[in-house]
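Trainee: Okay, so here is model_22.cif, and as you'll see once you scroll down, it has mmCIF, C-alpha atoms.
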```
data_protein
loop_
_atom_site.label_atom_id
_atom_site.label_comp_id
_atom_site.auth_asym_id
_atom_site.auth_seq_id
_atom_site.Cartn_x
_atom_site.Cartn_y
_atom_site.Cartn_z
CA MET F 266 -73.14 15.07 -60.56
CA THR F 267 -71.15 13.12 -57.99
CA ASP F 268 -68.82 16.11 -57.45
CA PHE F 269 -71.69 18.27 -56.16
CA ASN F 270 -73.75 17.03 -53.23
CA PRO F 271 -76.61 19.43 -52.44
CA ALA F 272 -77.43 17.75 -49.12
CA ASP F 273 -73.91 18.52 -47.90
CA ARG F 274 -74.39 22.16 -48.89
CA ILE F 275 -77.58 22.34 -46.80
CA GLN F 276 -75.90 20.50 -43.91
CA ASP F 277 -73.02 22.97 -43.86
CA LEU F 278 -75.33 25.93 -43.25
CA GLN F 279 -75.60 26.84 -39.58
CA TYR F 280 -77.95 29.49 -38.26
CA PHE F 281 -78.45 30.63 -34.67
CA GLY F 282 -81.64 32.05 -33.26
CA GLU F 283 -81.75 35.42 -31.52
CA PHE F 284 -81.27 33.81 -28.10
CA GLY F 285 -78.93 31.04 -29.24
CA GLY F 286 -81.68 28.76 -30.52
CA VAL F 287 -80.77 25.98 -32.94
CA ASN F 288 -83.51 27.28 -35.24
CA PRO F 289 -83.24 30.84 -36.56
CA SER F 290 -85.66 33.32 -35.02
CA ILE F 291 -88.83 34.01 -37.01
CA SER F 292 -89.22 37.62 -38.07
CA ASP F 293 -92.96 37.92 -37.43
CA SER F 294 -93.17 41.55 -38.54
CA SER F 295 -94.39 43.24 -41.69
CA THR F 296 -92.42 46.43 -41.10
CA TYR F 297 -89.17 47.37 -39.35
CA THR F 298 -88.00 50.38 -37.34
CA PHE F 299 -84.91 52.55 -37.83
CA LEU F 300 -82.82 54.62 -35.46
CA SER F 301 -82.24 57.22 -38.17
CA ALA F 302 -84.03 58.44 -41.29
CA LYS F 303 -80.79 58.13 -43.25
CA THR F 304 -80.67 54.37 -42.59
CA MET F 305 -84.27 54.03 -43.78
CA PHE F 306 -83.39 55.82 -47.02
CA ASP F 307 -80.30 53.65 -47.56
CA THR F 308 -82.29 50.49 -46.90
CA PHE F 309 -84.97 51.50 -49.41
CA GLU F 310 -82.24 52.06 -51.98
CA GLY F 311 -80.77 48.62 -51.19
CA ASN F 312 -77.57 50.03 -49.71
CA ALA F 313 -77.87 48.97 -46.06
CA GLU F 314 -76.73 45.41 -45.48
CA GLY F 315 -78.62 43.60 -42.72
CA CYS F 316 -81.37 46.19 -42.42
CA TYR F 317 -85.01 45.55 -43.30
CA LEU F 318 -87.71 47.97 -44.37
CA TYR F 319 -90.86 46.02 -45.25
CA SER F 320 -91.48 42.29 -45.54
CA ARG F 321 -92.66 42.42 -49.16
CA HIS F 322 -89.11 43.54 -49.97
CA SER F 323 -87.38 40.95 -47.79
CA SER F 324 -87.39 39.54 -44.30
CA PRO F 325 -84.78 37.68 -42.24
CA SER F 326 -86.80 34.44 -42.34
CA ASN F 327 -87.12 34.54 -46.13
CA LEU F 328 -83.43 35.32 -46.55
CA TYR F 329 -82.46 32.31 -44.41
CA LEU F 330 -84.47 30.06 -46.71
CA ASP F 331 -83.17 31.89 -49.81
CA LYS F 332 -79.60 31.14 -48.75
CA ALA F 333 -80.31 27.47 -48.06
CA LEU F 334 -82.04 26.90 -51.40
CA ALA F 335 -79.31 28.72 -53.33
CA ALA F 336 -76.78 26.46 -51.62
CA MET F 337 -78.85 23.41 -52.56
CA GLU F 338 -78.96 24.37 -56.24
CA GLY F 339 -75.44 25.78 -56.40
CA THR F 340 -76.52 29.28 -57.47
CA GLU F 341 -75.37 32.66 -56.19
CA SER F 342 -78.74 33.62 -54.80
CA ALA F 343 -82.43 32.76 -54.55
CA ASN F 344 -85.79 34.37 -53.88
CA VAL F 345 -88.69 32.52 -52.26
CA ALA F 346 -92.30 33.15 -53.22
CA ALA F 347 -95.76 32.35 -51.90
CA SER F 348 -96.33 29.60 -54.48
CA GLY F 349 -94.65 27.79 -57.35
CA MET F 350 -96.57 29.92 -59.85
CA GLY F 351 -95.49 32.95 -57.80
CA ALA F 352 -91.94 31.99 -58.73
CA ILE F 353 -92.55 30.99 -62.36
CA THR F 354 -94.65 33.90 -63.60
CA PRO F 355 -92.48 36.79 -62.30
CA THR F 356 -89.38 35.05 -63.69
CA LEU F 357 -90.84 34.84 -67.20
CA LEU F 358 -92.25 38.37 -67.03
CA GLN F 359 -88.87 39.71 -65.88
CA LEU F 360 -87.18 38.07 -68.86
CA CYS F 361 -89.80 38.84 -71.52
CA GLY F 362 -91.87 41.79 -72.67
CA ASN F 363 -94.08 42.82 -75.55
CA GLY F 364 -92.93 41.17 -78.80
CA ASP F 365 -90.73 38.55 -77.15
CA HIS F 366 -90.94 34.79 -77.67
CA ILE F 367 -90.49 31.69 -75.51
CA VAL F 368 -89.72 28.14 -76.59
CA SER F 369 -91.19 25.77 -74.04
CA SER F 370 -91.51 22.05 -73.51
CA ARG F 371 -95.00 20.87 -74.45
CA THR F 372 -95.31 18.69 -71.34
CA ILE F 373 -95.20 21.02 -68.36
CA TYR F 374 -97.33 21.72 -65.32
CA GLY F 375 -100.85 22.72 -66.38
CA GLY F 376 -100.69 26.08 -64.61
CA THR F 377 -97.48 27.01 -66.42
CA TYR F 378 -98.95 25.87 -69.72
CA ALA F 379 -102.08 27.97 -69.15
CA PHE F 380 -99.99 31.02 -68.25
CA LEU F 381 -97.88 30.73 -71.41
CA LYS F 382 -100.77 29.79 -73.71
CA ASN F 383 -103.57 32.03 -72.42
CA PHE F 384 -102.20 34.83 -70.22
CA ALA F 385 -98.76 35.82 -71.52
CA PRO F 386 -100.10 36.66 -75.03
CA ARG F 387 -102.16 39.45 -73.40
CA MET F 388 -98.80 41.13 -72.74
CA GLY F 389 -97.47 40.37 -76.21
CA VAL F 390 -95.38 37.35 -75.21
CA LYS F 391 -95.81 34.34 -77.49
CA THR F 392 -94.78 30.73 -76.85
CA THR F 393 -93.99 27.82 -79.13
CA PHE F 394 -94.47 24.41 -77.47
CA VAL F 395 -92.13 21.64 -78.60
CA ASP F 396 -91.07 18.10 -77.80
CA ILE F 397 -88.17 19.00 -75.52
CA THR F 398 -86.49 15.63 -76.11
CA LYS F 399 -85.92 16.46 -79.80
CA LEU F 400 -83.07 18.95 -79.82
CA ASP F 401 -83.34 19.69 -83.54
CA VAL F 402 -87.01 20.60 -83.11
CA VAL F 403 -86.14 22.82 -80.14
CA GLU F 404 -83.50 24.71 -82.09
CA ALA F 405 -85.73 25.05 -85.15
CA ALA F 406 -88.40 26.78 -83.05
CA ILE F 407 -86.04 29.60 -82.01
CA THR F 408 -86.69 32.97 -83.67
CA PRO F 409 -84.88 36.34 -83.52
CA ASN F 410 -87.40 37.35 -80.84
CA THR F 411 -86.84 34.32 -78.61
CA LYS F 412 -85.60 35.20 -75.14
CA VAL F 413 -86.23 32.08 -73.05
CA LEU F 414 -85.94 28.31 -73.35
CA TYR F 415 -88.21 26.75 -70.71
CA CYS F 416 -88.49 23.16 -69.53
CA GLU F 417 -88.93 20.86 -66.56
CA THR F 418 -86.11 18.48 -65.63
CA VAL F 419 -88.65 15.67 -65.52
CA SER F 420 -91.90 16.75 -67.11
CA ASN F 421 -95.35 16.80 -65.59
CA PRO F 422 -97.06 14.42 -66.08
CA LEU F 423 -95.42 12.31 -68.80
CA LEU F 424 -92.00 12.12 -67.10
CA GLU F 425 -90.08 13.13 -70.21
CA VAL F 426 -86.48 14.03 -69.36
CA ALA F 427 -84.87 17.23 -70.59
CA ASP F 428 -81.22 16.92 -71.63
CA ILE F 429 -80.27 20.06 -69.72
CA ALA F 430 -76.60 20.15 -70.73
CA SER F 431 -77.51 20.00 -74.45
CA LEU F 432 -80.32 22.53 -74.03
CA ALA F 433 -77.88 24.84 -72.24
CA LYS F 434 -75.56 24.73 -75.26
CA ILE F 435 -78.45 25.65 -77.56
CA ALA F 436 -79.48 28.47 -75.23
CA LYS F 437 -75.95 29.84 -75.05
CA LYS F 438 -75.54 29.62 -78.83
CA HIS F 439 -78.66 31.76 -79.35
CA ASN F 440 -78.13 34.04 -76.33
CA LEU F 441 -81.22 32.74 -74.51
CA LYS F 442 -81.91 32.16 -70.83
CA LEU F 443 -82.49 28.50 -69.97
CA VAL F 444 -85.13 28.29 -67.22
CA VAL F 445 -85.61 24.87 -65.63
CA ASP F 446 -88.39 23.81 -63.25
CA ASN F 447 -86.69 21.23 -61.03
CA THR F 448 -89.69 20.46 -58.79
CA PHE F 449 -89.74 16.71 -59.57
CA SER F 450 -86.04 16.17 -58.95
CA PRO F 451 -84.58 18.11 -56.00
CA LEU F 452 -81.13 16.84 -54.91
CA SER F 453 -81.16 14.26 -57.73
CA VAL F 454 -80.40 16.86 -60.40
CA ALA F 455 -78.63 20.23 -60.12
CA PRO F 456 -79.65 22.05 -63.34
CA ALA F 457 -77.42 25.06 -62.69
CA LYS F 458 -74.41 22.75 -62.65
CA LEU F 459 -75.51 21.45 -66.06
CA GLY F 460 -75.75 24.94 -67.55
CA ALA F 461 -79.22 26.24 -66.65
CA ASP F 462 -79.40 29.97 -65.96
CA ILE F 463 -82.41 29.88 -63.63
CA VAL F 464 -83.80 27.02 -61.53
CA ILE F 465 -87.33 27.06 -60.14
CA HIS F 466 -89.08 24.88 -57.57
CA SER F 467 -92.55 24.59 -56.23
CA LEU F 468 -91.60 24.30 -52.55
CA THR F 469 -95.10 22.91 -51.98
CA LYS F 470 -93.95 19.52 -53.20
CA TYR F 471 -90.86 17.52 -52.15
CA ILE F 472 -88.89 20.32 -50.51
CA ASN F 473 -91.58 21.02 -47.91
CA GLY F 474 -92.86 17.46 -48.08
CA SER F 475 -95.81 17.65 -45.70
CA SER F 476 -98.59 19.04 -47.94
CA ASP F 477 -99.37 21.79 -45.43
CA THR F 478 -98.23 24.88 -47.33
CA VAL F 479 -97.60 26.32 -50.78
CA GLY F 480 -94.41 28.05 -51.79
CA GLY F 481 -91.93 28.58 -54.60
CA VAL F 482 -88.37 29.68 -55.23
CA VAL F 483 -86.23 31.14 -58.01
CA CYS F 484 -82.54 30.19 -57.82
CA ALA F 485 -80.25 32.23 -60.05
CA SER F 486 -77.40 34.72 -60.22
CA GLN F 487 -77.28 37.58 -57.74
CA GLU F 488 -77.82 39.95 -60.64
CA PHE F 489 -81.08 38.30 -61.71
CA ILE F 490 -82.42 38.02 -58.16
CA ASN F 491 -81.63 41.71 -57.65
CA ASP F 492 -83.56 42.46 -60.86
CA LEU F 493 -86.57 40.49 -59.61
CA LYS F 494 -86.53 42.42 -56.32
CA ASN F 495 -85.87 45.88 -57.78
CA VAL F 496 -88.35 48.33 -56.23
CA ASN F 497 -88.88 50.16 -59.53
CA ASN F 498 -89.18 47.39 -62.13
CA GLY F 499 -88.74 44.01 -60.45
CA ALA F 500 -91.54 41.55 -61.26
CA SER F 501 -91.37 39.78 -57.90
CA MET F 502 -91.31 43.08 -56.03
CA LEU F 503 -94.16 44.68 -57.95
CA LEU F 504 -96.44 41.65 -58.35
CA GLY F 505 -96.02 40.86 -54.66
CA PRO F 506 -95.88 37.02 -54.43
CA THR F 507 -94.19 37.28 -51.02
CA MET F 508 -93.78 34.22 -48.82
CA ASP F 509 -94.93 34.61 -45.23
CA SER F 510 -92.14 34.45 -42.64
CA LEU F 511 -93.86 31.71 -40.63
CA ARG F 512 -94.11 29.58 -43.75
CA SER F 513 -90.45 30.20 -44.60
CA ALA F 514 -89.45 28.96 -41.16
CA SER F 515 -91.63 25.87 -41.59
CA VAL F 516 -90.19 24.99 -45.01
CA MET F 517 -86.67 25.56 -43.66
CA LYS F 518 -87.19 22.90 -40.98
CA ASN F 519 -88.53 20.38 -43.48
CA LEU F 520 -85.69 21.07 -45.93
CA ARG F 521 -83.27 19.48 -43.48
CA THR F 522 -84.82 16.02 -43.95
CA LEU F 523 -85.16 16.25 -47.73
CA HIS F 524 -82.17 14.00 -48.42
CA ILE F 525 -83.61 11.19 -46.29
CA ARG F 526 -87.04 11.52 -47.85
CA MET F 527 -85.82 11.63 -51.46
CA LYS F 528 -83.85 8.42 -51.02
CA GLN F 529 -86.94 6.61 -49.73
CA HIS F 530 -89.28 8.10 -52.36
CA SER F 531 -86.87 6.96 -55.09
CA HIS F 532 -86.31 3.51 -53.57
CA ASN F 533 -90.03 2.85 -53.33
CA ALA F 534 -90.83 4.17 -56.81
CA GLN F 535 -88.06 2.09 -58.38
CA TYR F 536 -89.38 -1.05 -56.68
CA LEU F 537 -92.99 -0.49 -57.74
CA ALA F 538 -92.07 0.51 -61.30
CA GLU F 539 -90.03 -2.66 -61.82
CA LYS F 540 -92.81 -4.82 -60.40
CA PHE F 541 -95.62 -3.21 -62.39
CA GLU F 542 -93.64 -3.38 -65.62
CA ALA F 543 -92.90 -7.08 -64.99
CA ASP F 544 -96.64 -7.60 -64.45
CA GLY F 545 -97.32 -6.25 -67.94
CA ILE F 546 -98.67 -2.83 -66.91
CA LYS F 547 -97.55 0.04 -69.15
CA THR F 548 -95.25 1.85 -66.73
CA VAL F 549 -93.19 5.01 -67.18
CA TYR F 550 -90.40 5.75 -64.71
CA PRO F 551 -86.98 7.27 -65.50
CA GLY F 552 -85.28 4.53 -63.49
CA LEU F 553 -86.53 1.81 -65.87
CA LYS F 554 -84.29 0.79 -68.76
CA SER F 555 -87.37 0.98 -70.98
CA HIS F 556 -87.63 4.75 -70.40
CA PRO F 557 -86.46 6.49 -73.60
CA SER F 558 -84.21 8.88 -71.66
CA HIS F 559 -82.98 6.43 -69.03
CA GLU F 560 -79.35 6.54 -70.15
CA ILE F 561 -79.28 10.34 -70.43
CA TYR F 562 -80.89 10.72 -67.02
CA LYS F 563 -78.33 8.38 -65.47
CA THR F 564 -75.62 10.83 -66.49
CA MET F 565 -77.53 13.78 -65.00
CA ILE F 566 -78.44 12.54 -61.55
CA ASN F 567 -76.63 12.26 -58.29
CA PRO F 568 -77.13 8.48 -57.96
CA GLU F 569 -77.37 8.67 -54.18
CA TYR F 570 -80.87 10.15 -54.54
CA GLY F 571 -82.10 7.88 -57.31
CA PHE F 572 -84.55 8.53 -60.12
CA GLY F 573 -87.23 10.26 -58.07
CA GLY F 574 -90.61 9.39 -56.65
CA MET F 575 -92.84 10.04 -59.68
CA MET F 576 -94.16 7.31 -61.97
CA THR F 577 -97.13 6.69 -64.23
CA ILE F 578 -99.09 3.63 -65.24
CA ASP F 579 -101.73 3.28 -67.95
CA VAL F 580 -104.74 1.12 -67.10
CA GLY F 581 -106.52 1.62 -70.41
CA SER F 582 -109.44 3.95 -69.66
CA LEU F 583 -110.50 6.82 -67.42
CA ASP F 584 -113.20 4.66 -65.83
CA LYS F 585 -110.64 1.99 -64.87
CA ALA F 586 -108.24 4.67 -63.62
CA ASN F 587 -110.92 6.20 -61.42
CA GLU F 588 -112.05 2.81 -60.09
CA LEU F 589 -108.50 1.85 -59.21
CA MET F 590 -107.71 5.15 -57.49
CA GLU F 591 -110.93 5.02 -55.46
CA LEU F 592 -110.23 1.42 -54.39
CA MET F 593 -106.60 2.18 -53.45
CA GLN F 594 -107.78 5.11 -51.34
CA GLU F 595 -110.39 2.90 -49.68
CA ARG F 596 -107.62 0.42 -48.80
CA ASN F 597 -105.50 3.21 -47.22
CA LEU F 598 -102.80 2.95 -49.90
CA GLY F 599 -102.81 6.69 -50.48
CA TYR F 600 -104.97 9.61 -51.46
CA LEU F 601 -106.79 10.48 -54.66
CA ALA F 602 -105.30 13.96 -54.73
CA VAL F 603 -103.19 16.28 -56.84
CA SER F 604 -99.72 17.49 -55.88
CA LEU F 605 -96.73 15.38 -54.89
CA GLY F 606 -94.01 14.83 -52.32
CA PHE F 607 -96.27 13.80 -49.42
CA TYR F 608 -95.38 10.99 -46.99
CA LYS F 609 -98.38 9.01 -48.30
CA THR F 610 -98.72 8.07 -51.95
CA LEU F 611 -100.82 10.49 -54.00
CA PHE F 612 -102.48 9.50 -57.28
CA SER F 613 -104.51 11.35 -59.89
CA ALA F 614 -105.59 11.17 -63.51
CA PRO F 615 -103.67 14.17 -64.86
CA GLY F 616 -105.80 14.62 -67.96
CA THR F 617 -108.72 15.63 -65.75
CA SER F 618 -106.71 17.32 -62.99
CA THR F 619 -103.21 18.82 -63.06
CA SER F 620 -103.09 18.97 -66.87
CA SER F 621 -106.76 19.78 -67.48
CA GLU F 622 -105.75 23.23 -68.78
CA ILE F 623 -104.24 21.52 -71.83
CA PRO F 624 -106.87 21.02 -74.60
CA LEU F 625 -107.93 17.40 -75.19
CA ASP F 626 -106.55 17.26 -78.73
CA GLU F 627 -103.15 18.47 -77.49
CA GLN F 628 -103.23 15.98 -74.60
CA LYS F 629 -103.76 13.19 -77.15
CA GLU F 630 -100.96 14.49 -79.37
CA MET F 631 -98.45 14.48 -76.51
CA GLY F 632 -99.47 10.98 -75.36
CA LEU F 633 -101.49 11.95 -72.30
CA THR F 634 -104.03 9.12 -72.44
CA ASP F 635 -107.32 8.73 -70.55
CA GLY F 636 -106.09 5.72 -68.60
CA LEU F 637 -102.93 7.40 -67.31
CA ILE F 638 -102.49 7.54 -63.54
CA ARG F 639 -99.74 9.71 -62.08
CA PHE F 640 -98.29 8.44 -58.82
CA SER F 641 -96.27 10.38 -56.27
CA ILE F 642 -94.91 7.42 -54.34
CA GLY F 643 -94.81 7.87 -50.58
CA LEU F 644 -92.41 6.96 -47.82
CA ASP F 645 -93.88 3.50 -47.11
CA ASN F 646 -91.60 1.48 -44.86
CA ASP F 647 -92.58 -1.90 -46.35
CA ILE F 648 -92.89 -1.28 -50.09
CA GLU F 649 -93.29 -4.99 -50.82
CA ARG F 650 -96.48 -4.97 -48.71
CA THR F 651 -97.69 -1.88 -50.59
CA TYR F 652 -97.06 -3.56 -53.93
CA THR F 653 -98.99 -6.67 -52.91
CA MET F 654 -101.96 -4.58 -51.81
CA MET F 655 -101.91 -2.48 -55.01
CA LYS F 656 -101.68 -5.61 -57.15
CA ASN F 657 -104.68 -7.10 -55.34
CA CYS F 658 -106.66 -3.96 -56.16
CA MET F 659 -105.72 -4.33 -59.82
CA LYS F 660 -106.78 -7.97 -59.81
CA GLU F 661 -110.14 -7.13 -58.26
CA LEU F 662 -110.81 -4.68 -61.09
CA SER F 663 -109.50 -7.11 -63.78
CA ILE F 664 -106.66 -4.74 -64.69
CA LEU F 665 -104.39 -7.69 -63.94
CA ASN F 666 -105.33 -11.35 -64.17
#
```
Is it possible to give me this structure as C-alpha cells?
Mentor:
Amino acid sequence: MTDFNPADRIQDLQYFGEFGGVNPSISDSSTYTFLSAKTMFDTFEGNAEGCYLYSRHSSPSNLYLDKALAAMEGTESANVAASGMGAITPTLLQLCGNGDHIVSSRTIYGGTYAFLKNFAPRMGVKTTFVDITKLDVVEAAITPNTKVLYCETVSNPLLEVADIASLAKIAKKHNLKLVVDNTFSPLSVAPAKLGADIVIHSLTKYINGSSDTVGGVVCASQEFINDLKNVNNGASMLLGPTMDSLRSASVMKNLRTLHIRMKQHSHNAQYLAEKFEADGIKTVYPGLKSHPSHEIYKTMINPEYGFGGMMTIDVGSLDKANELMELMQERNLGYLAVSLGFYKTLFSAPGTSTSSEIPLDEQKEMGLTDGLIRFSIGLDNDIERTYTMMKNCMKELSILN
C-alpha cells in the first residue's frame, strides 16, 4: 500500500472556521433556519447543497469529519455515528433483510458477534461464522441468500488477519458486499484499496485515541452513504445513531495526530512482542514471523505505520492473567480496562470481557483460552523500561523464571 498514504490525505484537507479560525467552527445547533419555505423543502429532499435542516440528518461538524475519514480510507464518502456499533448495525441492516444471510469471521468484536448471533435473527437475518483465514471454508459457507461477507482486518481478540484482497475476489464472484471493520489497523491498512466495499471504524479507539468519547464511522461509496441517510428507508437516518457535533469536532482534532501515534503504538508493540516471545511466553502479534499470517499482512500494510499496537500473551490460566494485570496496574504500567488506542497500555482478559458474549464452548473452539491477555500497547517513551518492569511482574508471579 505504499502508493496510498492516508496520513497525506488527511494532511491535505484544510478547513477554515467561520471567523478564519484554523479549526472549523462547531455547529452547536440541532435545527437550522431558512430564508424561504422552498429552500426548506429542497433541503428535506436532499436537493440543496450546503443547507442543513436537522442535525440527525447531517450537520457541518459531522460532514467535516465525514470528509476527513473518507479521505483517510480512500472512499467516496463516509458517515459518522455515535458509536462503533452505531456504524456496524445500520450498515448490516441496510444491506440485509428478512431471509438474507451473512458469512462472518468467527473472531470478531463481542458486540458484533452478539448482534449477528442473537439480534439479527429476530429480523430474519442469519449468519454463518467461519475461520476467515481459510478461504475455501469461507466460499463453501456462501448460499444463494448470502448478501454480505463480514470480517475485521485484524480480528478481536485473537489477531487473525483477513486476506482482504482474496476475500474481495470471493465477494465479487458471488455478488456480495465485503464489509471490513478496520478499527485495529487505521493508516496501516486501507481495505477499500484492497477491494472492500465498506470500511467501518470504532472511532472510540485509535482514531480518537484519548478514551474520552465513543464514536463510529462507515466509509463507502456515495451511493451507499446516501442510502444509509435516506429519510424514508435509510437505516442510519431512521435508527438515529447520530454523532454529536461537539464530539465530531473533538475527534477531528485528534485525527490529526493519528499518524504519529500509530507509529509509536506499533514500535512499542513490536519491541514487546519480540522480547516476550524470546522469553518463552506464548505471544501473538502480526509483526512476528511466527504469526501464521505475517507474510500476508506484510503485503497489506503501509510499512510506515507498522503492524499495529495490539498483541496477546497467554500466561496459562485466568487466575494468573488476573494476578498479572492487577500487579501491572499497581505498578503504573497501564490499566486493567477494555477498549484500545489509549496513550497508556490497556490490558484485559477478553474471554471474560470484550468477548464474553461468545459462549465458552465457542471460545474454546476458536482458541480463546482462559490465560489470554489482550494488550493495547501505549505510547510509552522508553519501551525498554516498560519491558523490564513487565518482566519483573511476571517473575514475581512465577510466570517467568
Trainee: For the structure provided, state which residues fall under the PyMOL selection byres ((chain F and resi 459) around 9), and present them as a PyMOL selection string.
Mentor: chain F and resi 266+429-431+433+454-458+460-461+565
Trainee: Keeping only C-alpha atoms, write those residues as an mmCIF file, in the coordinates of the input.
Mentor:
```cif
data_model
loop_
_atom_site.group_PDB
_atom_site.id
_atom_site.type_symbol
_atom_site.label_atom_id
_atom_site.label_comp_id
_atom_site.auth_asym_id
_atom_site.auth_seq_id
_atom_site.Cartn_x
_atom_site.Cartn_y
_atom_site.Cartn_z
ATOM 1 C CA MET F 266 -73.140 15.070 -60.560
ATOM 2 C CA ILE F 429 -80.270 20.060 -69.720
ATOM 3 C CA ALA F 430 -76.600 20.150 -70.730
ATOM 4 C CA SER F 431 -77.510 20.000 -74.450
ATOM 5 C CA ALA F 433 -77.880 24.840 -72.240
ATOM 6 C CA VAL F 454 -80.400 16.860 -60.400
ATOM 7 C CA ALA F 455 -78.630 20.230 -60.120
ATOM 8 C CA PRO F 456 -79.650 22.050 -63.340
ATOM 9 C CA ALA F 457 -77.420 25.060 -62.690
ATOM 10 C CA LYS F 458 -74.410 22.750 -62.650
ATOM 11 C CA GLY F 460 -75.750 24.940 -67.550
ATOM 12 C CA ALA F 461 -79.220 26.240 -66.650
ATOM 13 C CA MET F 565 -77.530 13.780 -65.000
#
```
Trainee: At what distance in Å, to one decimal, does atom CA of F:Ser513 lie from atom CA of F:Arg321?
Mentor: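 According to the coordinates, atom CA of F:Arg321 and atom CA of F:Ser513 are separated by 13.2 Å.
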Trainee: Tell me which of F:Met388, F:His556, F:Ile367, F:Val419 sits closest to F:Ala436, counting all atoms listed in the file.
Mentor: F:Ile367
Trainee: Here is a test: counting only C-alpha atoms, which residue of F:Leu611, F:Val402, F:Ala336, F:Leu589 is nearest to F:Ser370?
Mentor: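 The answer is F:Val402, which sits nearest to F:Ser370.
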Trainee: Would you mind listing what lies within 9 Å of F:Leu452 as a PyMOL selection string, with only C-alpha atoms counted and same-chain residues fewer than 3 positions away left out?
Mentor: chain F and resi 270-272+337-338+455+523-524+527+566-567+570
Trainee: Atom CA of F:Cys658 to atom CA of F:Arg596: how many Å, to one decimal?
Mentor: 8.6 Å
Trainee: Selection in question (the file shown): the PyMOL selection byres ((chain F and resi 427) around 6). Which residues does it include, as a list in words?
Mentor: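 Taken on the displayed file, the PyMOL selection byres ((chain F and resi 427) around 6) yields the residues Thr398, Thr418, Val426, Asp428 and Ile429 of chain F.
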Trainee: Find the residue from F:Cys416, F:Asp462, F:Ala586, F:Val287 that sits nearest to F:Leu662; use all atoms listed in the file when measuring.
Mentor: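 The closest residue to F:Leu662 is F:Ala586.
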Trainee: Up to 12 Å from (-111.2, 7.0, -55.4) in the file's coordinates: name the residues, counting only C-alpha atoms, as a PyMOL selection string.
Mentor: chain F and resi 584-602+611-614+638+658
Trainee: Have a look at atom CA of F:Gly481 and atom CA of F:Ala347 and let me know their distance in Å, one decimal.
Mentor: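 That distance, rounded to one decimal, is 6.0 Å.
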Trainee: For this file, the PyMOL selection byres ((chain F and resi 350) around 9) selects which residues, as an mmCIF file with C-alpha atoms, in the frame of the given file?
Mentor:
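Wrote it out as out37.cif, contents follow:
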```
data_model
loop_
_atom_site.group_PDB
_atom_site.id
_atom_site.type_symbol
_atom_site.label_atom_id
_atom_site.label_comp_id
_atom_site.auth_asym_id
_atom_site.auth_seq_id
_atom_site.Cartn_x
_atom_site.Cartn_y
_atom_site.Cartn_z
ATOM 1 C CA ALA F 346 -92.300 33.150 -53.220
ATOM 2 C CA ALA F 347 -95.760 32.350 -51.900
ATOM 3 C CA SER F 348 -96.330 29.600 -54.480
ATOM 4 C CA GLY F 349 -94.650 27.790 -57.350
ATOM 5 C CA GLY F 351 -95.490 32.950 -57.800
ATOM 6 C CA ALA F 352 -91.940 31.990 -58.730
ATOM 7 C CA ILE F 353 -92.550 30.990 -62.360
ATOM 8 C CA THR F 354 -94.650 33.900 -63.600
ATOM 9 C CA PRO F 355 -92.480 36.790 -62.300
ATOM 10 C CA GLY F 376 -100.690 26.080 -64.610
ATOM 11 C CA THR F 377 -97.480 27.010 -66.420
ATOM 12 C CA SER F 467 -92.550 24.590 -56.230
ATOM 13 C CA GLY F 480 -94.410 28.050 -51.790
ATOM 14 C CA GLY F 481 -91.930 28.580 -54.600
ATOM 15 C CA PRO F 506 -95.880 37.020 -54.430
#
```
Trainee: Neighbouring residues of F:Asn344 were defined as those with any atom within 6 Å, considering all atoms listed in the file; residues of the same chain fewer than 4 positions away were excluded. Please report them as a list in words.
Mentor: Asp331, Val482 and Val483 of chain F
Trainee: Can you tell me, as a PyMOL selection string, what residues are no more than 7 Å from F:Asn473 when counting all atoms listed in the file, ignoring any on the same chain fewer than 3 positions away?
Mentor: chain F and resi 468-470+516+519-520
Trainee: The selected residues should be written to file as a compact mmCIF listing (two decimals), in the coordinates of the input (atoms: C-alpha atoms).
Mentor:
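After the write, result-v1.txt holds the following:
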```
# COMPACT_ATOMS: atom_id res chain seq x y z
CA LEU F 468 -91.60 24.30 -52.55
CA THR F 469 -95.10 22.91 -51.98
CA LYS F 470 -93.95 19.52 -53.20
CA VAL F 516 -90.19 24.99 -45.01
CA ASN F 519 -88.53 20.38 -43.48
CA LEU F 520 -85.69 21.07 -45.93
```
Trainee: Within 8 Å of F:Leu583, counting all atoms listed in the file, which residues show up once you throw out same-chain ones fewer than 6 positions away? Write them as a PyMOL selection string, please.
Mentor: chain F and resi 614+635-637
Trainee: List the spatial neighbours of F:Ile407 as a count of residues only - criterion: any atom at most 9 Å away, all atoms listed in the file, same-chain residues fewer than 5 positions off excluded.
Mentor: 7
Trainee: Please, can stretch 548-555 of chain F be completed to N, CA and C atoms and returned as a PDB file, in the frame of the given file?
Mentor:
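Produced file rebuild-v3.pdb, reproduced below:
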```pdb
ATOM      1  N   THR F 548     -95.803   1.066 -67.825  1.00  0.00           N
ATOM      2  CA  THR F 548     -95.250   1.850 -66.730  1.00  0.00           C
ATOM      3  C   THR F 548     -94.169   2.791 -67.249  1.00  0.00           C
ATOM      4  N   VAL F 549     -94.225   4.035 -66.811  1.00  0.00           N
ATOM      5  CA  VAL F 549     -93.190   5.010 -67.180  1.00  0.00           C
ATOM      6  C   VAL F 549     -92.513   5.494 -65.901  1.00  0.00           C
ATOM      7  N   TYR F 550     -91.214   5.297 -65.850  1.00  0.00           N
ATOM      8  CA  TYR F 550     -90.400   5.750 -64.710  1.00  0.00           C
ATOM      9  C   TYR F 550     -88.974   5.911 -65.217  1.00  0.00           C
ATOM     10  N   PRO F 551     -88.327   7.044 -64.952  1.00  0.00           N
ATOM     11  CA  PRO F 551     -86.980   7.270 -65.500  1.00  0.00           C
ATOM     12  C   PRO F 551     -85.950   6.237 -65.060  1.00  0.00           C
ATOM     13  N   GLY F 552     -86.213   5.539 -63.974  1.00  0.00           N
ATOM     14  CA  GLY F 552     -85.280   4.530 -63.490  1.00  0.00           C
ATOM     15  C   GLY F 552     -85.392   3.189 -64.210  1.00  0.00           C
ATOM     16  N   LEU F 553     -86.379   3.047 -65.092  1.00  0.00           N
ATOM     17  CA  LEU F 553     -86.530   1.810 -65.870  1.00  0.00           C
ATOM     18  C   LEU F 553     -85.696   1.910 -67.146  1.00  0.00           C
ATOM     19  N   LYS F 554     -85.079   0.807 -67.526  1.00  0.00           N
ATOM     20  CA  LYS F 554     -84.290   0.790 -68.760  1.00  0.00           C
ATOM     21  C   LYS F 554     -85.155   1.045 -69.983  1.00  0.00           C
ATOM     22  N   SER F 555     -86.453   0.778 -69.867  1.00  0.00           N
ATOM     23  CA  SER F 555     -87.370   0.980 -70.980  1.00  0.00           C
ATOM     24  C   SER F 555     -87.692   2.461 -71.212  1.00  0.00           C
TER      25      SER F 555
END
```
